[in-house]
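Student: Just passing along the structure, written as structure tokens.
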Amino acid sequence: MNRWMSMTKEGKKKQFRCQSLERLKRVSGCGSYKKDKTIVQALYQYIVENKANTVMLYIPLGTEVNIYPLIRRLRMEKKLLYVPFMEGASFRLVKYRLPLKKKKFGIKEPNDSKQYRIKNIDIAIVPIVGVDLTLRRVGFGKGMYDRFYEKQNRYINKTVFVARELCYSKEIITDDYDVKADMIITA
């Protein structure tokens with residue numbers, strides 16, 4: 001029996017995450033600008049086609065798709081934009097506004113704004129490290145999106161995963177609580 005077969009599902013997920021992160025680091029250098037531009041255009045098209053007005057986004061880290069051009073465009077179009085605001089082991093959404101401050105894990109966030117209460121999100125754009133054949137998310141391993149979705153899933157109409165390159169496991173390595181996509185956009 002080979003090592004992969006004797007590994008636990010959690011072990012396989014961990015190994016897949018490490019290999020996928022390495023792959024994403026490689027594609028995050030040369031050529032990432034063009035990939036990001038292609039993905040941002042596809043995201044914008046998807047938002048327009050779905051007549052989305054309230055959009056959940058993320059503030060990109062180095063290996064994630066740079067969606068700042070999308071954020072700028074949607075702000076000019078007066079869309080309601082929300083981003084994660086870290087709170088303990090999870091996050092809640094706050095309205096996107098400048099300036100952004102660097103916080104835990106090197107993540108940038110707007111200032112806290114407790115006065116914003118969101119009911120429905122038309123489209124949630126979520127960065128991924130990879131997916132398995134159930135189209136469930138493998139992220140950075142902190143479980144923040146999973147905990148957020150556990151409480152807010154009923155308010156989110158569609159979830160779109162984005163990555164510069166699709167890292168895909170042909171084996172089920174995710175759990176039922178892992179976030180599932182309605183659409184995946186990669187370059």
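Residues are referred to by chain and number: the chain letter is A, B, ... according to the order shown in the structure tokens, the number counts from 1 in that chain, and ligands are numbered separately from 1 in the order shown.
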Can you tell me, as number ranges by chain, which residues in chain A count as helix (DSSP H, G or I) by DSSP?

Tutor: A: 3-6, 9-27, 32-49, 68-76, 104-106, 144-155

Student: Which of chain A counts as strand (DSSP E) under DSSP, as a VMD selection string please?

Tutor: chain A and resid 54 to 56 80 to 87 90 to 95 100 to 102 108 to 110 121 to 127 130 to 132 137 to 138 156 to 163 168 to 169 183 to 186

Student: Can you pull out the residues contacting Lys79 (chain A)? Cut-off 12 Å, using only C-alpha atoms, and skip same-chain residues under 5 positions away; I want them as a PyMOL selection string.

Tutor: chain A and resi 44+47-48+51-57+70-74+95-96+121-123

Student: Which residues come within 10 Å of Ile172 (chain A), counting only C-alpha atoms, excluding same-chain residues fewer than 5 positions away, as a list of chain:residue names?

Tutor: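 Those residues are A:Lys9, A:Lys12, A:Lys13, A:Val131, A:Asp132, A:Leu133, A:Thr134, A:Leu135, A:Arg136.
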
Student: Between A:Gly62, A:Gly141, A:Arg97, A:Asn157, which is the closest to Arg75 (chain A) once you count only C-alpha atoms?

Tutor: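 Closest residue, counting only C-alpha atoms: A:Arg97.
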
Student: Can you tell me, as a PyMOL selection string, what residues are no more than 12 Å from Cys18 (chain A) when counting only C-alpha atoms, ignoring any on the same chain fewer than 4 positions away?

Tutor: chain A and resi 11-14+22-25+129-130+138-141+167

Student: Rounded to one decimal in Å, what is the spacing between CA of Ile173 (chain A) and CA of Glu10 (chain A)?

Tutor: 7.0 Å

Student: So how far away is CA of Ser28 (chain A) from CA of Glu49 (chain A), in Å?

Tutor: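 If I compute the distance from CA of Glu49 (chain A) to CA of Ser28 (chain A), I get 28.4 Å.
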
Student: For the atom pair CA of Glu165 (chain A) and CA of Tyr149 (chain A), what is the interatomic distance in Å to one decimal place?

Tutor: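 Taking CA of Glu165 (chain A) as the start and CA of Tyr149 (chain A) as the end point, the length is 23.7 Å.
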
Student: Compile the contact shell of region 159-161 of chain A as a list in words: residues with an atom at most 6 Å away, counting only C-alpha atoms, same-chain residues fewer than 3 positions apart removed.

Tutor: Ile123, Ala124, Ile125, Val126, Pro127, Ala181, Asp182, Met183 and Ile184 of chain A

Student: Could you check the closest approach to Lys180 (chain A) for each of A:Glu77, A:Asp36, A:Glu64, A:Asp146 and tell me which residue wins, using only C-alpha atoms?

Tutor: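 Result for the nearest residue to Lys180 (chain A): A:Asp146.
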
Student: Out of A:Ile128, A:Met76, A:Ala187, A:Val179, which residue has the shortest atom-to-atom distance to Leu61 (chain A) when counting only C-alpha atoms?

Tutor: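 Ranked by minimum distance to Leu61 (chain A), first place goes to A:Ile128.
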
Student: Would you please work out which residue, of A:Thr8, A:Val65, A:Ile59, A:Lys78, is nearest to Val94 (chain A) when using only C-alpha atoms?

Tutor: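 Nearest to Val94 (chain A): A:Ile59.
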